[in-house]
Amino acid sequence: MRKRNWRLIAVGVVLLALAALFFLSMRDMTPWSNDPVALMRTVGEVSGAIGGISIVMIVFGLIGRKAPA
């Protein structure tokens with residue numbers, strides 16, 4: 001039987017929420033940018049990378065590790 005790593009799951013969920021919050025907060029700054037397309041492309045890449053890392057952390061936390069016998 002495997003034991004879930006709840007700390008890894010919690011950190012993954014928090015990172016996913018922060019990535020979404022970062023994307024949505026930076027979306028409001030595009031009217032003041034000199035190049036809004038480049039700004040949103042960069043913000044999308046950064047938030048996508050953080051979101052991907054957080055999803056991997058959640059999956060590894062759900063898989064867990066072997067419980068001691």
# chains A, B, ... in the order shown; residues from 1 in each chain; ligands from 1
$ residues_around --residues "range 31-44 of chain A" --least-positions-apart "6" --cutoff "12 Å" --atoms "only C-alpha atoms" --output "list in words"
Ala19, Ala20, Leu21, Phe22, Phe23, Leu24, Ser25, Ile50, Gly51 and Gly52 of chain A
$ residues_around --residues "Ile63 in chain A" --least-positions-apart "4" --cutoff "8 Å" --atoms "only C-alpha atoms" --output "list in words"
Arg2, Lys3, Arg4 and Val59 of chain A
$ residues_around --residues "Leu8 in chain A" --least-positions-apart "3" --cutoff "9 Å" --atoms "only C-alpha atoms" --output "list in words"
Arg4, Asn5, Val11, Gly12, Val13, Met57, Ile58, Phe60, Gly61 and Leu62 of chain A
$ residues_around --residues "Met1 in chain A" --least-positions-apart "5" --cutoff "10 Å" --atoms "only C-alpha atoms" --output "number ranges by chain"
A: 64-69
$ select_by_dssp --residues "chain A" --states "helix (DSSP H, G or I)" --output "PyMOL selection string"
chain A and resi 6-27+30-32+36-63
$ write_last_selection --atoms "C-alpha atoms" --output "PDB file, in the first residue's frame"
ATOM      1  CA  TRP A   6      -0.011  15.450   1.716  1.00  0.00           C
ATOM      2  CA  ARG A   7       2.627  18.173   2.017  1.00  0.00           C
ATOM      3  CA  LEU A   8       3.590  17.774  -1.624  1.00  0.00           C
ATOM      4  CA  ILE A   9      -0.074  17.881  -2.641  1.00  0.00           C
ATOM      5  CA  ALA A  10      -0.671  21.035  -0.578  1.00  0.00           C
ATOM      6  CA  VAL A  11       2.350  22.826  -2.050  1.00  0.00           C
ATOM      7  CA  GLY A  12       1.219  21.845  -5.549  1.00  0.00           C
ATOM      8  CA  VAL A  13      -2.276  23.229  -4.959  1.00  0.00           C
ATOM      9  CA  VAL A  14      -0.882  26.485  -3.545  1.00  0.00           C
ATOM     10  CA  LEU A  15       1.488  26.885  -6.513  1.00  0.00           C
ATOM     11  CA  LEU A  16      -1.366  26.243  -8.948  1.00  0.00           C
ATOM     12  CA  ALA A  17      -3.472  28.903  -7.243  1.00  0.00           C
ATOM     13  CA  LEU A  18      -0.559  31.369  -7.281  1.00  0.00           C
ATOM     14  CA  ALA A  19       0.044  30.739 -10.996  1.00  0.00           C
ATOM     15  CA  ALA A  20      -3.611  31.445 -11.788  1.00  0.00           C
ATOM     16  CA  LEU A  21      -3.608  34.529  -9.571  1.00  0.00           C
ATOM     17  CA  PHE A  22      -0.413  35.812 -11.223  1.00  0.00           C
ATOM     18  CA  PHE A  23      -1.902  35.351 -14.692  1.00  0.00           C
ATOM     19  CA  LEU A  24      -5.157  37.087 -13.798  1.00  0.00           C
ATOM     20  CA  SER A  25      -3.471  39.969 -11.996  1.00  0.00           C
ATOM     21  CA  MET A  26      -1.037  40.615 -14.840  1.00  0.00           C
ATOM     22  CA  ARG A  27      -3.906  40.568 -17.341  1.00  0.00           C
ATOM     23  CA  THR A  30      -1.853  45.079 -20.193  1.00  0.00           C
ATOM     24  CA  PRO A  31      -3.487  48.462 -20.957  1.00  0.00           C
ATOM     25  CA  TRP A  32      -0.460  50.258 -19.470  1.00  0.00           C
ATOM     26  CA  PRO A  36       0.752  43.983 -24.411  1.00  0.00           C
ATOM     27  CA  VAL A  37       1.182  40.953 -26.661  1.00  0.00           C
ATOM     28  CA  ALA A  38       4.756  40.324 -25.543  1.00  0.00           C
ATOM     29  CA  LEU A  39       3.783  40.912 -21.917  1.00  0.00           C
ATOM     30  CA  MET A  40       0.979  38.351 -22.016  1.00  0.00           C
ATOM     31  CA  ARG A  41       3.138  35.876 -23.920  1.00  0.00           C
ATOM     32  CA  THR A  42       5.787  36.064 -21.198  1.00  0.00           C
ATOM     33  CA  VAL A  43       3.224  35.930 -18.400  1.00  0.00           C
ATOM     34  CA  GLY A  44       1.560  32.941 -20.039  1.00  0.00           C
ATOM     35  CA  GLU A  45       4.845  31.077 -20.344  1.00  0.00           C
ATOM     36  CA  VAL A  46       5.769  31.727 -16.722  1.00  0.00           C
ATOM     37  CA  SER A  47       2.370  30.859 -15.289  1.00  0.00           C
ATOM     38  CA  GLY A  48       2.158  27.787 -17.545  1.00  0.00           C
ATOM     39  CA  ALA A  49       5.528  26.530 -16.353  1.00  0.00           C
ATOM     40  CA  ILE A  50       4.579  27.059 -12.710  1.00  0.00           C
ATOM     41  CA  GLY A  51       1.206  25.412 -13.329  1.00  0.00           C
ATOM     42  CA  GLY A  52       2.876  22.420 -14.978  1.00  0.00           C
ATOM     43  CA  ILE A  53       5.330  21.979 -12.124  1.00  0.00           C
ATOM     44  CA  SER A  54       2.497  22.177  -9.610  1.00  0.00           C
ATOM     45  CA  ILE A  55       0.441  19.547 -11.456  1.00  0.00           C
ATOM     46  CA  VAL A  56       3.448  17.213 -11.475  1.00  0.00           C
ATOM     47  CA  MET A  57       3.877  17.803  -7.737  1.00  0.00           C
ATOM     48  CA  ILE A  58       0.208  16.968  -7.122  1.00  0.00           C
ATOM     49  CA  VAL A  59       0.461  13.766  -9.182  1.00  0.00           C
ATOM     50  CA  PHE A  60       3.628  12.628  -7.392  1.00  0.00           C
ATOM     51  CA  GLY A  61       1.992  13.425  -4.055  1.00  0.00           C
ATOM     52  CA  LEU A  62      -1.059  11.361  -4.966  1.00  0.00           C
ATOM     53  CA  ILE A  63       1.089   8.440  -6.120  1.00  0.00           C
TER      54      ILE A  63
END
$ select_by_dssp --residues "chain A" --states "strand (DSSP E or B)" --output "list of chain:residue names"
A:Arg2, A:Lys3, A:Arg65, A:Lys66
